[in-house]
Amino acid sequence: MADQTELQRMEQAQGYIQRYFEFDDAIKINKENRAYLQTYIHDEAYVVKTFNIGHQRMKAAFISLAAGLIVFGLLFAIVGADTIGVAIVGGAAAFILLTVFGISLQHYRYTEAKKHQVEVNEGIEEQLQMLKDRDAQLIRQRDDYYNGLQKRITFMSLDYMKNIDQIKGYLDRGEAETCEDAVEMFERNMLLEEMTSLTSQVDEPEITDVEAAKERFGDPLELIKKNKKKRRKEKKAKKA
């Protein structure tokens, strides 16, 4: 069983490393927030495409035409066929007035939509700048903390920070007596795993000339056909 002091050293290092990764997580979340905010920034082309002013104006014109026809029908019903010109003039006037009003309204709405997008872009840019400043601050704090870790954790390389739980396990199970022993055991096992991985790899031959290989070995599909016919003949011979 490892000495209690050694376990405390390891647990203290584990706490320091956990704090370091908290900085990493904060930086990652900060970058994700920046990417999310970027989706709200759009140019004028996006507003044009989204608003589709041509479609809106055509829609307003159809509504005006329908209203003009309704006015024409009402006036025609009131004044009768003898004064149809009054109904035509009234319907046309209603159509023109409503068309002008509808187009003006859509143009106003389109202008306001562009202004709103500009305001949104400016507001988002301010928030992005705050996150950029926050990002720089977090990175600086993380790097300063890392430099401090090099002085606090002396029994292992900080390259093994992600493996601290595995290294601590050697102490917990009594396989190592000191923190240095645990790190040495980890390095030894890691080296053995690498060597095993290298020796277990089998180099697959590369076929550089398919035709030459086919000439040496023969056509495998043709060989399958021959074997199939051979087996059929053998079966027939056995039955006979």
# chains A, B, ... in the order shown; residues from 1 in each chain; ligands from 1
$ residues_around --residues "region 27-43 of chain A" --least-positions-apart "3" --cutoff "10 Å" --atoms "only C-alpha atoms" --output "JSON, numbers by chain"
{"A": [21, 22, 23, 24, 46, 47, 48, 114, 117, 118, 120, 121, 122, 123, 124, 125, 127, 128, 129, 130, 131, 132, 134, 135, 136, 137, 138, 139, 142]}
$ residues_around --residues "Phe155 (chain A)" --least-positions-apart "4" --cutoff "10 Å" --atoms "only C-alpha atoms" --output "ChimeraX atom specification"
/A:9-10,13,150,178-184
$ write_last_selection --atoms "N, CA, C and O atoms" --output "mmCIF file, in the first residue's frame"
data_model
loop_
_atom_site.group_PDB
_atom_site.id
_atom_site.type_symbol
_atom_site.label_atom_id
_atom_site.label_comp_id
_atom_site.auth_asym_id
_atom_site.auth_seq_id
_atom_site.Cartn_x
_atom_site.Cartn_y
_atom_site.Cartn_z
ATOM 1 N N ARG A 9 -0.064 13.649 -2.281
ATOM 2 C CA ARG A 9 0.625 14.341 -3.374
ATOM 3 C C ARG A 9 -0.102 14.110 -4.700
ATOM 4 O O ARG A 9 -0.312 15.036 -5.488
ATOM 5 N N MET A 10 -0.495 12.855 -4.916
ATOM 6 C CA MET A 10 -1.174 12.505 -6.159
ATOM 7 C C MET A 10 -2.555 13.153 -6.241
ATOM 8 O O MET A 10 -2.945 13.683 -7.289
ATOM 9 N N ALA A 13 -2.179 16.818 -6.974
ATOM 10 C CA ALA A 13 -1.880 17.012 -8.396
ATOM 11 C C ALA A 13 -3.127 16.810 -9.244
ATOM 12 O O ALA A 13 -3.371 17.539 -10.214
ATOM 13 N N GLN A 150 3.826 23.488 -13.673
ATOM 14 C CA GLN A 150 5.153 22.903 -13.863
ATOM 15 C C GLN A 150 6.001 22.982 -12.592
ATOM 16 O O GLN A 150 6.885 22.156 -12.379
ATOM 17 N N THR A 178 5.492 5.187 -4.604
ATOM 18 C CA THR A 178 5.617 6.642 -4.675
ATOM 19 C C THR A 178 4.997 7.148 -5.967
ATOM 20 O O THR A 178 4.733 6.377 -6.901
ATOM 21 N N CYS A 179 4.801 8.451 -6.031
ATOM 22 C CA CYS A 179 4.251 9.062 -7.244
ATOM 23 C C CYS A 179 5.201 8.850 -8.417
ATOM 24 O O CYS A 179 4.776 8.580 -9.548
ATOM 25 N N GLU A 180 6.507 8.980 -8.143
ATOM 26 C CA GLU A 180 7.501 8.770 -9.193
ATOM 27 C C GLU A 180 7.444 7.334 -9.715
ATOM 28 O O GLU A 180 7.548 7.100 -10.934
ATOM 29 N N ASP A 181 7.258 6.372 -8.800
ATOM 30 C CA ASP A 181 7.148 4.970 -9.213
ATOM 31 C C ASP A 181 5.923 4.755 -10.103
ATOM 32 O O ASP A 181 5.965 3.999 -11.074
ATOM 33 N N ALA A 182 4.830 5.422 -9.754
ATOM 34 C CA ALA A 182 3.592 5.281 -10.525
ATOM 35 C C ALA A 182 3.775 5.828 -11.937
ATOM 36 O O ALA A 182 3.310 5.225 -12.917
ATOM 37 N N VAL A 183 4.459 6.959 -12.042
ATOM 38 C CA VAL A 183 4.715 7.540 -13.364
ATOM 39 C C VAL A 183 5.625 6.632 -14.177
ATOM 40 O O VAL A 183 5.391 6.398 -15.376
ATOM 41 N N GLU A 184 6.642 6.088 -13.533
ATOM 42 C CA GLU A 184 7.564 5.183 -14.213
ATOM 43 C C GLU A 184 6.830 3.937 -14.705
ATOM 44 O O GLU A 184 7.069 3.464 -15.818
#
$ atom_distance --atom1 "CA of Ile164 (chain A)" --atom2 "CA of Tyr16 (chain A)"
10.7 Å
$ closest_residue --among "A:Asp159, A:Lys226, A:His107, A:Gln141" --to "Ala26 (chain A)" --atoms "only C-alpha atoms"
A:Gln141
